[in-house]
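Inspection log for the structure reproduced underneath, given as structure tokens.
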Amino acid sequence: MKAHIAKETPRKESVSTENDNGSEQASLRGAMAATLIGDGLIGNKQSNQRSICAGCNRPTPTSCFCVALPAQRIHLERSHCLVLQHPHEARRKNRSLPFVQHCLDSDSLTVHVRKRLSKNTDQTVKDLLYRPPEEANERSNVWLVYPGEEAVSLTEALEQRRDDNSRITLVFLDATWKYAKEMDRYNIQHQQYPANMLRVQLAEQDLAPLLTRPCRFDIRTPPTEQHLSTAECVAWVMAQAEERPDIYSIIMKPLDLMVQQWHSCKETRTTNDD
Ligand SMILES: [Zn+2]
């Protein structure tokens with residue numbers, strides 16, 4: 001069992017886990033969910049002898065990204081981010097979700113580490129998921145950001161709630177593409193999702209500004225150039241939902257620094273090996 005939460009600020013998080021097989025990190029881009037594959041980012045024989053930063057839990061000074069974290073954590077006014085994380089994803093080293101966890105305040109993020117939703121799901125998570133509609137038209141205030149036949153684009157979903165100030169629960173699945181599909185399928189088959197949940201997928205129009213540059217979190221090899229890391233996907237959707245583009249750039253700052261550090265470590269190792 002492992003809670004990968006900034007130590008200085010406990011967050012509302014469920015950390016119960018179950019036994020299962022391997023998991024990696026998934027994210028969404030376009031109508032597809034992404035799987036970022038790779039391993040052994042900073043973990044090498046020397047890492048055990050390095051000191052670990054109490055802020056970001058990374059080896060310091062080579063891999064600490066605290067300098068890139070915001071002075072004040074982001075507070076989401078119009079949404080709450082609920083991440084349903086596969087247990088094996090929680091144990092991976094090369095995750096991007098910690099960048100989101102280090103940048104959001106405790107009232108804005110809940111991470112639930114379980115393979116599936118069930119009657120035993122924590123009450124905090126249930127409260128976020130099974131919220132009664134706040135409007136007479138029963139417009140959903142729970143959005144699952146995951147592709148599916150009935151999914152609407154993010155642009156369309158935002159258009160539908162124009163002038164609506166109720167707080168949305170933004171639900172993300174954090175797992176490999178394979179495990180995310182399993183989580184989604186189970187929750188559908190066992191009717192674990194709220195009845196009025198809106199399924200949202202990132203269509204090309206939603207991601208136009210991101211499609212012109214190469215993969216950002218390239219320490220794990222994505223299956224295609226068009227895949228986003230979990231942190232980038234979550235940051236992008238939150239920024240749109242909150243109408244705050246700075247949310248995306250604040251979260252990308254430590255992520256970019258970590259990727260940069262990883263590349264320079266890799267170059268150093270290559271040079272030493274020559
Ligand atoms: Zn640090």
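The chains in the structure tokens are called A, B, ... from first to last as shown; in each chain the residues are counted from 1, and the ligands are counted from 1 in the order shown.
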Skip Ser249 of chain A itself and residues of its chain fewer than 2 positions away, then list as a list of chain:residue names all residues within 12 Å of it, counting only C-alpha atoms. A:Ala68, A:Leu69, A:Pro70, A:Ile74, A:Phe99, A:Val100, A:Cys103, A:Ala231, A:Glu232, A:Val234, A:Ala235, A:Trp236, A:Met238, A:Ala239, A:Arg244, A:Pro245, A:Asp246, A:Ile247, A:Ile251, A:Met252, A:Lys253, A:Pro254, A:Leu255, A:Asp256
Output C-alpha atoms for every residue in the selection just made, as an mmCIF file, in the first residue's frame.
```cif
data_model
loop_
_atom_site.group_PDB
_atom_site.id
_atom_site.type_symbol
_atom_site.label_atom_id
_atom_site.label_comp_id
_atom_site.auth_asym_id
_atom_site.auth_seq_id
_atom_site.Cartn_x
_atom_site.Cartn_y
_atom_site.Cartn_z
ATOM 1 C CA ALA A 68 9.410 24.163 -10.458
ATOM 2 C CA LEU A 69 6.415 23.725 -8.154
ATOM 3 C CA PRO A 70 4.013 26.634 -7.656
ATOM 4 C CA ILE A 74 -3.929 25.483 -7.400
ATOM 5 C CA PHE A 99 2.951 16.415 -10.790
ATOM 6 C CA VAL A 100 -0.788 16.966 -10.519
ATOM 7 C CA CYS A 103 0.289 21.274 -7.776
ATOM 8 C CA ALA A 231 -0.673 14.626 -15.977
ATOM 9 C CA GLU A 232 -0.918 16.411 -19.284
ATOM 10 C CA VAL A 234 -5.659 15.950 -16.508
ATOM 11 C CA ALA A 235 -4.032 19.391 -16.599
ATOM 12 C CA TRP A 236 -5.463 20.162 -20.019
ATOM 13 C CA MET A 238 -8.902 21.028 -15.781
ATOM 14 C CA ALA A 239 -7.578 24.157 -17.489
ATOM 15 C CA ARG A 244 -7.668 28.941 -16.586
ATOM 16 C CA PRO A 245 -4.949 28.184 -19.152
ATOM 17 C CA ASP A 246 -2.305 28.800 -16.485
ATOM 18 C CA ILE A 247 -3.326 25.542 -14.746
ATOM 19 C CA ILE A 251 1.556 21.565 -13.947
ATOM 20 C CA MET A 252 3.747 21.186 -17.030
ATOM 21 C CA LYS A 253 6.581 23.149 -15.431
ATOM 22 C CA PRO A 254 7.752 20.453 -12.961
ATOM 23 C CA LEU A 255 6.989 17.741 -15.511
ATOM 24 C CA ASP A 256 9.198 19.436 -18.103
#
```
Neighbours of ligand 1 at 10 Å or closer, counting only C-alpha atoms and all ligand atoms: which residues, as a ChimeraX atom specification? /A:52-69
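Proximity to His102 of chain A was assessed for A:Ile188, A:Val171, A:Met197, A:Ala71 counting only C-alpha atoms; the smallest distance is recorded for A:Ala71.
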I'd like a table as CSV: residues in segment 149-241 of chain A with an atom no more than 7 Å from segment 108-124 of chain A, each row giving the shortest atom pair and its distance in Å to one decimal, only C-alpha atoms counted, sorted by chain and rising residue number.
```
residue,atom,partner,partner_atom,distance
A:Met183,CA,A:Arg116,CA,5.6
A:Tyr186,CA,A:Arg116,CA,6.9
A:Asn187,CA,A:Leu117,CA,6.3
A:Gln192,CA,A:Leu117,CA,6.0
```
Provide the atom CA of Lys181 of chain A to atom CA of Gly148 of chain A distance in Å, to one decimal place. 10.2 Å
As an MDAnalysis selection string, list the residues of segment 126-240 of chain A assigned to strand (DSSP E or B) by DSSP on the backbone atoms of this structure. chainID A and resid 142:145 152:153 168:174 198:201 221
Please identify all polymer residues within 8 Å of Leu144 of chain A, counting only C-alpha atoms, omitting same-chain residues fewer than 4 positions from it, and present them as a PDB file with C-alpha atoms, in the first residue's frame.
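File selection-v7.pdb, as written:
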```pdb
ATOM      1  CA  LEU A 170     -13.891  15.246 -13.420  1.00  0.00           C
ATOM      2  CA  VAL A 171     -13.146  11.517 -13.311  1.00  0.00           C
ATOM      3  CA  PHE A 172      -9.982  10.069 -14.868  1.00  0.00           C
ATOM      4  CA  MET A 197     -22.665  10.569 -15.730  1.00  0.00           C
ATOM      5  CA  LEU A 198     -21.482  12.294 -18.887  1.00  0.00           C
ATOM      6  CA  ARG A 199     -18.720  10.547 -20.804  1.00  0.00           C
ATOM      7  CA  VAL A 200     -16.295  12.986 -22.360  1.00  0.00           C
TER       8      VAL A 200
END
```
